[in-house]
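To be precise, the following lines are start-v2.pdb, and they hold PDB, C-alpha atoms.
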ATOM      1  CA  MET A   1      12.509  -8.254  22.668  1.00  0.00           C
ATOM      2  CA  ILE A   2      14.071  -6.484  19.705  1.00  0.00           C
ATOM      3  CA  LYS A   3      12.771  -3.478  17.818  1.00  0.00           C
ATOM      4  CA  TYR A   4      13.252  -3.391  14.053  1.00  0.00           C
ATOM      5  CA  SER A   5      12.729  -0.589  11.624  1.00  0.00           C
ATOM      6  CA  ILE A   6      10.725  -2.087   8.755  1.00  0.00           C
ATOM      7  CA  LYS A   7      10.619  -0.634   5.243  1.00  0.00           C
ATOM      8  CA  CYS A   8       8.042  -1.472   2.593  1.00  0.00           C
ATOM      9  CA  ASP A   9       9.715  -1.985  -0.781  1.00  0.00           C
ATOM     10  CA  ASP A  10       6.446  -1.171  -2.586  1.00  0.00           C
ATOM     11  CA  CYS A  11       5.267   2.119  -1.038  1.00  0.00           C
ATOM     12  CA  LYS A  12       8.556   3.020   0.759  1.00  0.00           C
ATOM     13  CA  PHE A  13       6.703   3.468   4.069  1.00  0.00           C
ATOM     14  CA  ASN A  14       8.844   2.978   7.201  1.00  0.00           C
ATOM     15  CA  PHE A  15       7.493   1.655  10.476  1.00  0.00           C
ATOM     16  CA  ASP A  16       8.840   0.053  13.628  1.00  0.00           C
ATOM     17  CA  SER A  17       7.842  -3.251  15.133  1.00  0.00           C
ATOM     18  CA  TRP A  18       8.885  -5.371  18.091  1.00  0.00           C
ATOM     19  CA  PHE A  19       9.860  -9.043  17.825  1.00  0.00           C
ATOM     20  CA  ALA A  20      10.877 -11.664  20.365  1.00  0.00           C
ATOM     21  CA  SER A  21      14.115 -12.265  18.430  1.00  0.00           C
ATOM     22  CA  SER A  22      15.630 -11.969  14.967  1.00  0.00           C
ATOM     23  CA  GLU A  23      14.650 -15.607  14.411  1.00  0.00           C
ATOM     24  CA  GLU A  24      11.040 -14.736  15.268  1.00  0.00           C
ATOM     25  CA  PHE A  25      11.142 -11.896  12.706  1.00  0.00           C
ATOM     26  CA  GLU A  26      12.304 -14.324  10.001  1.00  0.00           C
ATOM     27  CA  LYS A  27       9.684 -16.907  11.030  1.00  0.00           C
ATOM     28  CA  ILE A  28       6.851 -14.355  10.844  1.00  0.00           C
ATOM     29  CA  LYS A  29       8.106 -12.980   7.515  1.00  0.00           C
ATOM     30  CA  LYS A  30       8.369 -16.474   5.977  1.00  0.00           C
ATOM     31  CA  SER A  31       4.840 -17.248   7.221  1.00  0.00           C
ATOM     32  CA  LYS A  32       3.634 -14.163   5.303  1.00  0.00           C
ATOM     33  CA  LEU A  33       2.204 -12.613   8.459  1.00  0.00           C
ATOM     34  CA  LEU A  34       4.325  -9.453   8.260  1.00  0.00           C
ATOM     35  CA  THR A  35       2.748  -6.771   6.070  1.00  0.00           C
ATOM     36  CA  CYS A  36       3.214  -3.068   5.523  1.00  0.00           C
ATOM     37  CA  SER A  37       1.014  -1.153   7.940  1.00  0.00           C
ATOM     38  CA  PHE A  38       0.290   1.392   5.204  1.00  0.00           C
ATOM     39  CA  CYS A  39      -0.386  -0.569   1.991  1.00  0.00           C
ATOM     40  CA  ASN A  40      -0.649  -4.169   3.296  1.00  0.00           C
ATOM     41  CA  SER A  41       2.157  -5.360   0.993  1.00  0.00           C
ATOM     42  CA  LEU A  42       4.117  -8.481   1.959  1.00  0.00           C
ATOM     43  CA  ASN A  43       7.227  -6.956   0.367  1.00  0.00           C
ATOM     44  CA  VAL A  44       8.767  -5.643   3.609  1.00  0.00           C
ATOM     45  CA  ASN A  45      12.296  -5.918   4.993  1.00  0.00           C
ATOM     46  CA  LYS A  46      14.351  -4.811   7.939  1.00  0.00           C
ATOM     47  CA  SER A  47      16.109  -1.547   7.228  1.00  0.00           C
ATOM     48  CA  LEU A  48      19.216  -0.118   8.816  1.00  0.00           C
ATOM     49  CA  MET A  49      18.651   1.274  12.274  1.00  0.00           C
ATOM     50  CA  THR A  50      20.702   3.880  14.031  1.00  0.00           C
ATOM     51  CA  PRO A  51      21.064   3.811  17.787  1.00  0.00           C
ATOM     52  CA  ASN A  52      18.887   6.298  19.595  1.00  0.00           C
ATOM     53  CA  LEU A  53      21.601   7.729  21.844  1.00  0.00           C
ATOM     54  CA  ASN A  54      21.170  11.511  21.894  1.00  0.00           C
ATOM     55  CA  LYS A  55      17.426  11.944  21.658  1.00  0.00           C
ATOM     56  CA  THR A  56      15.500  12.655  24.776  1.00  0.00           C
ATOM     57  CA  LYS A  57      12.127  11.062  25.334  1.00  0.00           C
ATOM     58  CA  LYS A  58      10.453  14.437  24.814  1.00  0.00           C
ATOM     59  CA  LYS A  59      12.167  15.003  21.443  1.00  0.00           C
ATOM     60  CA  GLN A  60      11.283  11.468  20.398  1.00  0.00           C
ATOM     61  CA  ALA A  61       7.653  12.018  21.402  1.00  0.00           C
ATOM     62  CA  ILE A  62       7.531  15.206  19.286  1.00  0.00           C
ATOM     63  CA  ILE A  63       9.013  13.389  16.305  1.00  0.00           C
ATOM     64  CA  ASN A  64       6.540  10.522  16.750  1.00  0.00           C
ATOM     65  CA  ASP A  65       3.628  12.988  16.985  1.00  0.00           C
ATOM     66  CA  GLU A  66       4.774  14.647  13.744  1.00  0.00           C
ATOM     67  CA  LYS A  67       5.015  11.275  12.015  1.00  0.00           C
ATOM     68  CA  ILE A  68       1.541  10.323  13.230  1.00  0.00           C
ATOM     69  CA  LYS A  69       0.114  13.657  12.024  1.00  0.00           C
ATOM     70  CA  LYS A  70       1.766  13.213   8.619  1.00  0.00           C
ATOM     71  CA  PHE A  71       0.508   9.633   8.369  1.00  0.00           C
ATOM     72  CA  LYS A  72      -3.042  10.727   9.257  1.00  0.00           C
ATOM     73  CA  GLU A  73      -2.892  13.522   6.667  1.00  0.00           C
ATOM     74  CA  ILE A  74      -1.727  11.122   3.951  1.00  0.00           C
ATOM     75  CA  LYS A  75      -4.400   8.612   4.945  1.00  0.00           C
ATOM     76  CA  LYS A  76      -7.065  11.348   4.870  1.00  0.00           C
ATOM     77  CA  ASN A  77      -6.008  12.357   1.336  1.00  0.00           C
ATOM     78  CA  LEU A  78      -6.000   8.724   0.199  1.00  0.00           C
ATOM     79  CA  LYS A  79      -9.542   8.332   1.557  1.00  0.00           C
ATOM     80  CA  LYS A  80     -10.605  11.417  -0.460  1.00  0.00           C
ATOM     81  CA  TYR A  81      -9.167   9.882  -3.632  1.00  0.00           C
ATOM     82  CA  GLN A  82     -10.758   6.558  -2.760  1.00  0.00           C
ATOM     83  CA  ASN A  83     -14.180   8.156  -2.246  1.00  0.00           C
ATOM     84  CA  PHE A  84     -13.857   9.983  -5.574  1.00  0.00           C
ATOM     85  CA  ILE A  85     -12.947   6.748  -7.348  1.00  0.00           C
ATOM     86  CA  GLU A  86     -15.811   4.817  -5.730  1.00  0.00           C
ATOM     87  CA  LYS A  87     -18.333   7.494  -6.790  1.00  0.00           C
ATOM     88  CA  ASN A  88     -17.074   8.007 -10.343  1.00  0.00           C
ATOM     89  CA  TYR A  89     -15.833   4.603 -11.517  1.00  0.00           C
ATOM     90  CA  ASN A  90     -17.276   1.096 -11.801  1.00  0.00           C
ATOM     91  CA  TYR A  91     -15.836  -1.523  -9.440  1.00  0.00           C
ATOM     92  CA  VAL A  92     -14.888  -4.708 -11.303  1.00  0.00           C
ATOM     93  CA  GLY A  93     -13.190  -6.570  -8.438  1.00  0.00           C
ATOM     94  CA  ASN A  94     -10.589  -9.158  -9.374  1.00  0.00           C
ATOM     95  CA  ASN A  95     -11.606  -8.915 -13.059  1.00  0.00           C
ATOM     96  CA  PHE A  96      -9.734  -5.642 -13.522  1.00  0.00           C
ATOM     97  CA  ALA A  97      -7.207  -6.911 -16.103  1.00  0.00           C
ATOM     98  CA  TYR A  98      -9.917  -8.618 -18.160  1.00  0.00           C
ATOM     99  CA  GLU A  99     -12.206  -5.572 -18.100  1.00  0.00           C
ATOM    100  CA  ALA A 100      -9.331  -3.174 -18.900  1.00  0.00           C
ATOM    101  CA  ARG A 101      -8.471  -5.244 -21.978  1.00  0.00           C
ATOM    102  CA  ASN A 102     -12.146  -5.358 -22.949  1.00  0.00           C
ATOM    103  CA  ILE A 103     -12.342  -1.555 -22.837  1.00  0.00           C
ATOM    104  CA  HIS A 104      -9.014  -1.101 -24.629  1.00  0.00           C
ATOM    105  CA  TYR A 105      -9.689  -3.482 -27.501  1.00  0.00           C
ATOM    106  CA  ASN A 106     -13.407  -2.679 -27.905  1.00  0.00           C
ATOM    107  CA  LYS A 107     -13.192   1.125 -27.819  1.00  0.00           C
ATOM    108  CA  ASN A 108     -16.324   1.660 -29.907  1.00  0.00           C
ATOM    109  CA  GLU A 109     -18.619   0.017 -27.364  1.00  0.00           C
ATOM    110  CA  LYS A 110     -20.088   2.357 -24.781  1.00  0.00           C
ATOM    111  CA  ASN A 111     -20.495  -0.202 -22.007  1.00  0.00           C
ATOM    112  CA  PHE A 112     -17.986   1.626 -19.873  1.00  0.00           C
ATOM    113  CA  ALA A 113     -18.816   5.320 -20.110  1.00  0.00           C
ATOM    114  CA  LYS A 114     -17.348   5.513 -16.621  1.00  0.00           C
ATOM    115  CA  GLY A 115     -13.863   4.200 -15.975  1.00  0.00           C
ATOM    116  CA  ILE A 116     -13.189   1.110 -13.896  1.00  0.00           C
ATOM    117  CA  PHE A 117     -11.277   0.214 -10.779  1.00  0.00           C
ATOM    118  CA  GLY A 118     -10.529  -3.087  -9.129  1.00  0.00           C
ATOM    119  CA  LYS A 119      -7.794  -5.471  -8.109  1.00  0.00           C
ATOM    120  CA  ALA A 120      -4.927  -6.775 -10.225  1.00  0.00           C
ATOM    121  CA  THR A 121      -1.658  -8.523  -9.513  1.00  0.00           C
ATOM    122  CA  LYS A 122       1.685  -6.913 -10.297  1.00  0.00           C
ATOM    123  CA  LYS A 123       2.074  -9.423 -13.117  1.00  0.00           C
ATOM    124  CA  GLU A 124      -1.288  -8.406 -14.617  1.00  0.00           C
ATOM    125  CA  ILE A 125      -0.398  -4.698 -14.363  1.00  0.00           C
ATOM    126  CA  LYS A 126       2.931  -5.383 -16.095  1.00  0.00           C
ATOM    127  CA  GLU A 127       1.180  -7.307 -18.881  1.00  0.00           C
ATOM    128  CA  LEU A 128      -1.371  -4.500 -19.352  1.00  0.00           C
ATOM    129  CA  LYS A 129       1.436  -1.963 -19.611  1.00  0.00           C
ATOM    130  CA  GLU A 130       3.213  -4.118 -22.210  1.00  0.00           C
ATOM    131  CA  GLU A 131      -0.026  -4.114 -24.234  1.00  0.00           C
ATOM    132  CA  GLY A 132      -0.164  -0.311 -24.103  1.00  0.00           C
ATOM    133  CA  ILE A 133      -2.960  -0.171 -21.535  1.00  0.00           C
ATOM    134  CA  ASP A 134      -2.322   2.553 -18.960  1.00  0.00           C
ATOM    135  CA  THR A 135      -3.228   1.880 -15.346  1.00  0.00           C
ATOM    136  CA  GLU A 136      -2.625   3.603 -12.050  1.00  0.00           C
ATOM    137  CA  THR A 137      -2.062   1.989  -8.684  1.00  0.00           C
ATOM    138  CA  ILE A 138      -2.929   3.523  -5.342  1.00  0.00           C
ATOM    139  CA  PRO A 139      -2.853   2.039  -1.857  1.00  0.00           C
ATOM    140  CA  TRP A 140      -6.396   1.050  -0.887  1.00  0.00           C
ATOM    141  CA  ILE A 141      -7.552   1.669   2.667  1.00  0.00           C
ATOM    142  CA  ASN A 142     -10.247  -0.665   3.923  1.00  0.00           C
ATOM    143  CA  ASN A 143     -13.109   1.032   5.729  1.00  0.00           C
ATOM    144  CA  LYS A 144     -12.661  -1.305   8.706  1.00  0.00           C
ATOM    145  CA  GLU A 145      -9.112  -0.037   9.369  1.00  0.00           C
ATOM    146  CA  ASN A 146      -8.548   2.661  11.969  1.00  0.00           C
TER
END
Turn the structure described in the file into structure tokens.
Amino acid sequence: MIKYSIKCDDCKFNFDSWFASSEEFEKIKKSKLLTCSFCNSLNVNKSLMTPNLNKTKKKQAIINDEKIKKFKEIKKNLKKYQNFIEKNYNYVGNNFAYEARNIHYNKNEKNFAKGIFGKATKKEIKELKEEGIDTETIPWINNKEN
């Protein structure tokens, strides 16, 4: 077994994971089964690891507890934002790019007094930005996740 430090290139979250071998890591990554544990992105890679020579188990446990507390605090804040968005905006699902363009180019219509939220690919977000349509991206936490 080998432990790798994994870094998400999208949200910059770092996490550790165990693998049977480096070959197994590559196999799982190529199969698109390795995702960021924070934002579910597939854009994750091994990052440099330093040997854990001088840390005692107690110090490591304290550090891990602090990381867990920080992670829980961030997740709690994201859930607050998510709840606000769900209550105050219309969910348009995978039609986000289409609906955002509809709002942008048909500003006089009042169909969307509330804003919208939904899903869009990175390519769609880039295209919207090029058209002068501002969007924001946040990690979305599914209610079924712990």
Reference answer for the PyMOL selection byres ((chain A and resi 25-31) around 12), as a PDB file with C-alpha atoms, keeping the file's coordinate frame:
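Heads up, here's the output in result16.pdb:
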ATOM      1  CA  MET A   1      12.509  -8.254  22.668  1.00  0.00           C
ATOM      2  CA  ILE A   2      14.071  -6.484  19.705  1.00  0.00           C
ATOM      3  CA  LYS A   3      12.771  -3.478  17.818  1.00  0.00           C
ATOM      4  CA  TYR A   4      13.252  -3.391  14.053  1.00  0.00           C
ATOM      5  CA  SER A   5      12.729  -0.589  11.624  1.00  0.00           C
ATOM      6  CA  ILE A   6      10.725  -2.087   8.755  1.00  0.00           C
ATOM      7  CA  SER A  17       7.842  -3.251  15.133  1.00  0.00           C
ATOM      8  CA  TRP A  18       8.885  -5.371  18.091  1.00  0.00           C
ATOM      9  CA  PHE A  19       9.860  -9.043  17.825  1.00  0.00           C
ATOM     10  CA  ALA A  20      10.877 -11.664  20.365  1.00  0.00           C
ATOM     11  CA  SER A  21      14.115 -12.265  18.430  1.00  0.00           C
ATOM     12  CA  SER A  22      15.630 -11.969  14.967  1.00  0.00           C
ATOM     13  CA  GLU A  23      14.650 -15.607  14.411  1.00  0.00           C
ATOM     14  CA  GLU A  24      11.040 -14.736  15.268  1.00  0.00           C
ATOM     15  CA  LYS A  32       3.634 -14.163   5.303  1.00  0.00           C
ATOM     16  CA  LEU A  33       2.204 -12.613   8.459  1.00  0.00           C
ATOM     17  CA  LEU A  34       4.325  -9.453   8.260  1.00  0.00           C
ATOM     18  CA  THR A  35       2.748  -6.771   6.070  1.00  0.00           C
ATOM     19  CA  CYS A  36       3.214  -3.068   5.523  1.00  0.00           C
ATOM     20  CA  SER A  41       2.157  -5.360   0.993  1.00  0.00           C
ATOM     21  CA  LEU A  42       4.117  -8.481   1.959  1.00  0.00           C
ATOM     22  CA  ASN A  43       7.227  -6.956   0.367  1.00  0.00           C
ATOM     23  CA  VAL A  44       8.767  -5.643   3.609  1.00  0.00           C
ATOM     24  CA  ASN A  45      12.296  -5.918   4.993  1.00  0.00           C
ATOM     25  CA  LYS A  46      14.351  -4.811   7.939  1.00  0.00           C
TER      26      LYS A  46
END
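When atom CA of A:Asn14 is paired with atom CA of A:Lys57, their separation reads 20.1 Å.
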Q: Could you expand the PyMOL selection byres ((chain A and resi 124-139) around 8) into the explicit residues it covers here, written as an NGL selection string?
A: :A and (38-39 or 78 or 97 or 100-101 or 104 or 120-123 or 140-141)
(Q) Here is a test: counting only C-alpha atoms, which residue of A:Ser37, A:Tyr98, A:Lys87, A:Lys72 is nearest to A:Lys119? (A)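 Among the listed residues, A:Tyr98 lies closest to A:Lys119.
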(Q) Rounded to one decimal, what separation in Å do you get between atom CA of A:Ile68 and atom CA of A:Phe15? (A) 10.9 Å
Could you add the missing atoms to stretch 65-82 of chain A, up to N, CA and C atoms, and return them as a PDB file, keeping the file's coordinate frame?
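Saved result, selection16.pdb, follows:
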ATOM      1  N   ASP A  65       4.884  12.265  17.210  1.00  0.00           N
ATOM      2  CA  ASP A  65       3.628  12.988  16.985  1.00  0.00           C
ATOM      3  C   ASP A  65       3.585  13.561  15.570  1.00  0.00           C
ATOM      4  N   GLU A  66       4.717  14.097  15.103  1.00  0.00           N
ATOM      5  CA  GLU A  66       4.774  14.647  13.744  1.00  0.00           C
ATOM      6  C   GLU A  66       4.576  13.555  12.703  1.00  0.00           C
ATOM      7  N   LYS A  67       5.181  12.397  12.942  1.00  0.00           N
ATOM      8  CA  LYS A  67       5.015  11.275  12.015  1.00  0.00           C
ATOM      9  C   LYS A  67       3.564  10.815  11.988  1.00  0.00           C
ATOM     10  N   ILE A  68       2.943  10.745  13.150  1.00  0.00           N
ATOM     11  CA  ILE A  68       1.541  10.323  13.230  1.00  0.00           C
ATOM     12  C   ILE A  68       0.651  11.325  12.505  1.00  0.00           C
ATOM     13  N   LYS A  69       0.898  12.625  12.708  1.00  0.00           N
ATOM     14  CA  LYS A  69       0.114  13.657  12.024  1.00  0.00           C
ATOM     15  C   LYS A  69       0.278  13.542  10.508  1.00  0.00           C
ATOM     16  N   LYS A  70       1.510  13.344  10.054  1.00  0.00           N
ATOM     17  CA  LYS A  70       1.766  13.213   8.619  1.00  0.00           C
ATOM     18  C   LYS A  70       1.073  11.971   8.063  1.00  0.00           C
ATOM     19  N   PHE A  71       1.163  10.867   8.787  1.00  0.00           N
ATOM     20  CA  PHE A  71       0.508   9.633   8.369  1.00  0.00           C
ATOM     21  C   PHE A  71      -1.008   9.836   8.267  1.00  0.00           C
ATOM     22  N   LYS A  72      -1.595  10.479   9.265  1.00  0.00           N
ATOM     23  CA  LYS A  72      -3.042  10.727   9.257  1.00  0.00           C
ATOM     24  C   LYS A  72      -3.442  11.629   8.096  1.00  0.00           C
ATOM     25  N   GLU A  73      -2.601  12.621   7.788  1.00  0.00           N
ATOM     26  CA  GLU A  73      -2.892  13.522   6.667  1.00  0.00           C
ATOM     27  C   GLU A  73      -2.849  12.761   5.333  1.00  0.00           C
ATOM     28  N   ILE A  74      -1.839  11.924   5.171  1.00  0.00           N
ATOM     29  CA  ILE A  74      -1.727  11.122   3.951  1.00  0.00           C
ATOM     30  C   ILE A  74      -2.918  10.174   3.844  1.00  0.00           C
ATOM     31  N   LYS A  75      -3.267   9.539   4.944  1.00  0.00           N
ATOM     32  CA  LYS A  75      -4.400   8.612   4.945  1.00  0.00           C
ATOM     33  C   LYS A  75      -5.702   9.343   4.622  1.00  0.00           C
ATOM     34  N   LYS A  76      -5.867  10.550   5.150  1.00  0.00           N
ATOM     35  CA  LYS A  76      -7.065  11.348   4.870  1.00  0.00           C
ATOM     36  C   LYS A  76      -7.155  11.669   3.377  1.00  0.00           C
ATOM     37  N   ASN A  77      -6.033  12.057   2.771  1.00  0.00           N
ATOM     38  CA  ASN A  77      -6.008  12.357   1.336  1.00  0.00           C
ATOM     39  C   ASN A  77      -6.293  11.107   0.505  1.00  0.00           C
ATOM     40  N   LEU A  78      -5.727   9.972   0.913  1.00  0.00           N
ATOM     41  CA  LEU A  78      -6.000   8.724   0.199  1.00  0.00           C
ATOM     42  C   LEU A  78      -7.484   8.377   0.270  1.00  0.00           C
ATOM     43  N   LYS A  79      -8.108   8.602   1.418  1.00  0.00           N
ATOM     44  CA  LYS A  79      -9.542   8.332   1.557  1.00  0.00           C
ATOM     45  C   LYS A  79     -10.348   9.248   0.634  1.00  0.00           C
ATOM     46  N   LYS A  80      -9.918  10.508   0.464  1.00  0.00           N
ATOM     47  CA  LYS A  80     -10.605  11.417  -0.460  1.00  0.00           C
ATOM     48  C   LYS A  80     -10.529  10.876  -1.889  1.00  0.00           C
ATOM     49  N   TYR A  81      -9.333  10.462  -2.301  1.00  0.00           N
ATOM     50  CA  TYR A  81      -9.167   9.882  -3.632  1.00  0.00           C
ATOM     51  C   TYR A  81     -10.024   8.626  -3.773  1.00  0.00           C
ATOM     52  N   GLN A  82      -9.999   7.803  -2.738  1.00  0.00           N
ATOM     53  CA  GLN A  82     -10.758   6.558  -2.760  1.00  0.00           C
ATOM     54  C   GLN A  82     -12.255   6.844  -2.889  1.00  0.00           C
TER      55      GLN A  82
END
